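Heads up: the structure comes next, in structure tokens.
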Amino acid sequence: MTEHDDDKLSGKRAEEFLQVFKKGAEFTQDLLKENERLRYRVVRLEEALKEQESEGGAGDADAENMKLRRRIEDLEREKQEILDRIKLVEAENLDFANRYVEIEAENNSLANLYIASYQLHSTLDFKEVLQVITEIVINLIGAEEFAVLLLDEKTNKLQAVVGEGVETSDLGTIAVGEGLIGQMAKTGENYFIEEMEGYVRDFQHPLVCIPLKIKEHVIGVIVIYKLLVQKSRFAEVDYELFTLLAGHAATAIFSSKLYSESERKLSTIQGFIDLLTK
Amino acid sequence: MSNYKVLIVEDSPTMRQLIVFALKRLRGLTIVEANDGVDGLKKLSGDKFDLILTDINMPIMDGLKLVSLVRNDPTYKDVPIVIITTEGASEDRDRAMALGADEYITKPIQTAKILEAARRLLNFGP
């Protein structure tokens with residue numbers, strides 16, 4: 001091989017090398033461009049992802065907030081319902097308590113009325129009956145000054161038979177139809193003074209006048225002139241007591257008087273029989 | 001069931017009945033009745049009582065004298081005493097409380113107050 005051939009071969013190889021190098025440079029250039037493009041795309045994608053993530057996160061929080069808000073509203077509603085129910089139960093409890101107190105008071109009143117009635121009919125002794133009436137008027141009604149007047153059928157006049165805090169003689173006799181007391185005895189109606197405050201004792205005008213009646217037949221009256229210092233007005237039960245007294249005291253008095261008379265007559269007849277049989 | 005003994009000193013049989021009837025609502029009570037202060041002292045002697053309820057105005061011996069004697073007797077001095085009376089003036093109340101009464105209830109009868117006082121002084125449950 002000649003020197004010329006060697007030079008030619010070397011030139012060819014250099015040219016091939018340059019070609020390869022150029023291609024390598026072009027390829028590298030392409031790679032760099034592709035790399036740039038991909039990096040740009042990655043950045044865009046990352047940004048998009050970030051945006052999406054941030055948008056998506058806020059949505060979840062809103063949804064959670066909404067959910068919690070609804071739950072709070074539900075709980076508030078439930079709380080209000082419970083509070084309303086508690087109020088209702090409390091009102092019911094108060095109502096029951098008041099009713100219990102009322103029933104207890106009514107029970108006490110009935111028990112007292114029962115005792116009063118029982119005591120009135122526990123004896124046939126006239127004086128004892130008057131004593132029971134006196135005790136009832138003091139202990140159950142709370143009167144301090146009062147009297148019981150009975151009707152004398154022959155004279156048609158009322159005469160005091162027992163008095164507490166007043167002298168029976170001070171009352172004298174009262175004809176039926178005469179004055180307030182006589183009028184009440186005639187009509188059989190109860191009398192209660194309208195205004196108790198400032199009342200000054202007047203034997204003709206008592207605080208209260210209760211006719212003692214057997215059906216419509218008046219046999220006497222109870223007159224009250226003064227109540228105990230601690231009793232300023234009549235209670236509801238007092239009116240029931242007055243009604244009870246009007247009926248039961250009248251029959252108790254009537255029965256005891258009849259019994260006393262029959263006892264007296266029996267004793268007289270027994271005396272005659274003894275005289276005749278001896 | 002608790003078994004308490006209660007003495008009622010009252011000259012009015014009607015009032016005694018009213019008090020007895022009221023106290024019967026408290027279970028486990030043995031009730032003894034006396035007509036006046038002297039009768040009350042007789043019933044007290046030789047027996048143990050948990051509560052005394054007494055009127056003031058009574059024949060032979062009044063309720064205040066009874067309270068005074070009970071409080072000065074070492075045997076009964078600690079027995080609670082309830083006064084039930086027509087005397088509603090504050091000086092009457094003060095006198096009774098000064099002598100050693102535990103409760104002062106005025107007439108006409110107040111069943112609820114009597115029951116409340118008895119429950120409290122006998123340490124009854126509600």
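Every chain in the structure tokens takes a letter, A first, then B, and so on in the order presented; its residues are numbered from 1, and the ligands are numbered from 1 following the presented order.
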| message | Select, as a PyMOL selection string, those residues of chain A with any atom no more than 8 Å from chain B (distances computed using only C-alpha atoms). | response | chain A and resi 105+108+111-112+115-116+119+132+135-136+138-142+228-230
| message | List the spatial neighbours of range 256-273 of chain A as a PyMOL selection string - criterion: any atom at most 9 Å away, only C-alpha atoms, same-chain residues fewer than 2 positions off excluded. | response | chain A and resi 123-127+129+251-254+275-278
| Which residue of B:Arg27, B:Lys48, B:Arg119, B:Arg71 approaches Met97 in chain B most closely, using only C-alpha atoms | B:Arg71
| task | Pull the helix (DSSP H, G or I) assignments for range 12-238 of chain A out of DSSP run on the backbone, and list those residues as a VMD selection string. | result | chain A and resid 12 to 120 126 to 141 168 to 171 179 to 187 236 to 238
| query | So what do you get for CA of Leu212 in chain A versus CA of Ala249 in chain A, distance-wise? | reply | 6.8 Å
| field | Distance in Å - CA of Val9 in chain B versus CA of Val70 in chain B | value |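 According to the coordinates, CA of Val9 in chain B and CA of Val70 in chain B are separated by 12.8 Å.
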| message | Just the number, please: distance in Å from CA of Glu144 in chain A to CA of Glu164 in chain A, one decimal. | response |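 Between CA of Glu144 in chain A and CA of Glu164 in chain A the gap is 6.9 Å.
When DSSP is run on the backbone, the residues of range 141-173 of chain A that fall into strand (DSSP E or B) are Ala143, Glu144, Glu145, Phe146, Ala147, Val148, Leu149, Leu150, Leu151, Asp152, Lys157, Leu158, Gln159, Ala160, Val161, Val162, Gly163, Glu164 and Thr173 of chain A.
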| Any idea what's packed within 10 Å of Tyr104 in chain B, counting only C-alpha atoms, ignoring anything in its chain fewer than 5 positions away? Could you give it as a PyMOL selection string? | chain B and resi 53-55+81-85+87-88+92-94+96-97+113-114+117
Go ahead and dump the residues you just picked, N, CA and C atoms, as a compact mmCIF listing (two decimals), in the first residue's frame.
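As written to disk, part16.txt reads:
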# COMPACT_ATOMS: atom_id res chain seq x y z
N LEU B 53 -98.09 15.49 122.46
CA LEU B 53 -98.86 16.58 121.86
C LEU B 53 -99.83 17.05 122.92
N THR B 54 -99.81 18.32 123.24
CA THR B 54 -100.68 18.79 124.32
C THR B 54 -101.38 20.11 124.00
N ASP B 55 -102.58 20.23 124.54
CA ASP B 55 -103.34 21.47 124.48
C ASP B 55 -102.80 22.37 125.60
N ILE B 81 -92.05 17.95 122.43
CA ILE B 81 -93.42 18.35 122.79
C ILE B 81 -93.99 19.29 121.72
N VAL B 82 -95.21 18.97 121.30
CA VAL B 82 -95.92 19.83 120.35
C VAL B 82 -97.14 20.41 121.06
N ILE B 83 -97.26 21.72 121.01
CA ILE B 83 -98.43 22.38 121.60
C ILE B 83 -99.47 22.58 120.49
N ILE B 84 -100.72 22.22 120.81
CA ILE B 84 -101.81 22.47 119.85
C ILE B 84 -102.88 23.25 120.62
N THR B 85 -103.05 24.50 120.25
CA THR B 85 -103.87 25.37 121.11
C THR B 85 -104.69 26.41 120.34
N GLU B 87 -104.72 29.40 121.54
CA GLU B 87 -104.00 30.65 121.86
C GLU B 87 -103.05 31.03 120.71
N GLY B 88 -103.44 32.02 119.95
CA GLY B 88 -102.66 32.36 118.76
C GLY B 88 -101.76 33.57 118.91
N ASP B 92 -97.97 34.06 123.71
CA ASP B 92 -98.30 32.69 124.17
C ASP B 92 -97.33 31.69 123.55
N ARG B 93 -97.07 31.90 122.27
CA ARG B 93 -96.12 31.03 121.56
C ARG B 93 -94.73 31.14 122.20
N ASP B 94 -94.29 32.39 122.45
CA ASP B 94 -92.96 32.60 123.03
C ASP B 94 -92.84 31.94 124.39
N ALA B 96 -94.53 29.36 125.56
CA ALA B 96 -94.50 27.90 125.42
C ALA B 96 -93.13 27.43 124.92
N MET B 97 -92.58 28.16 123.95
CA MET B 97 -91.28 27.76 123.40
C MET B 97 -90.17 27.95 124.44
N LYS B 113 -100.01 20.28 109.35
CA LYS B 113 -98.92 20.77 110.22
C LYS B 113 -98.63 19.78 111.34
N ILE B 114 -99.68 19.18 111.88
CA ILE B 114 -99.48 18.20 112.95
C ILE B 114 -98.67 17.01 112.42
N ALA B 117 -95.04 18.02 111.80
CA ALA B 117 -94.29 18.13 113.06
C ALA B 117 -93.97 16.74 113.63
| field | Which of B:Leu29, B:Leu51, B:Leu69, B:Ala118 sits closest to Asn3 in chain B [using only C-alpha atoms] | value |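 Answer, going by the shortest atom-to-atom distance: B:Leu29.
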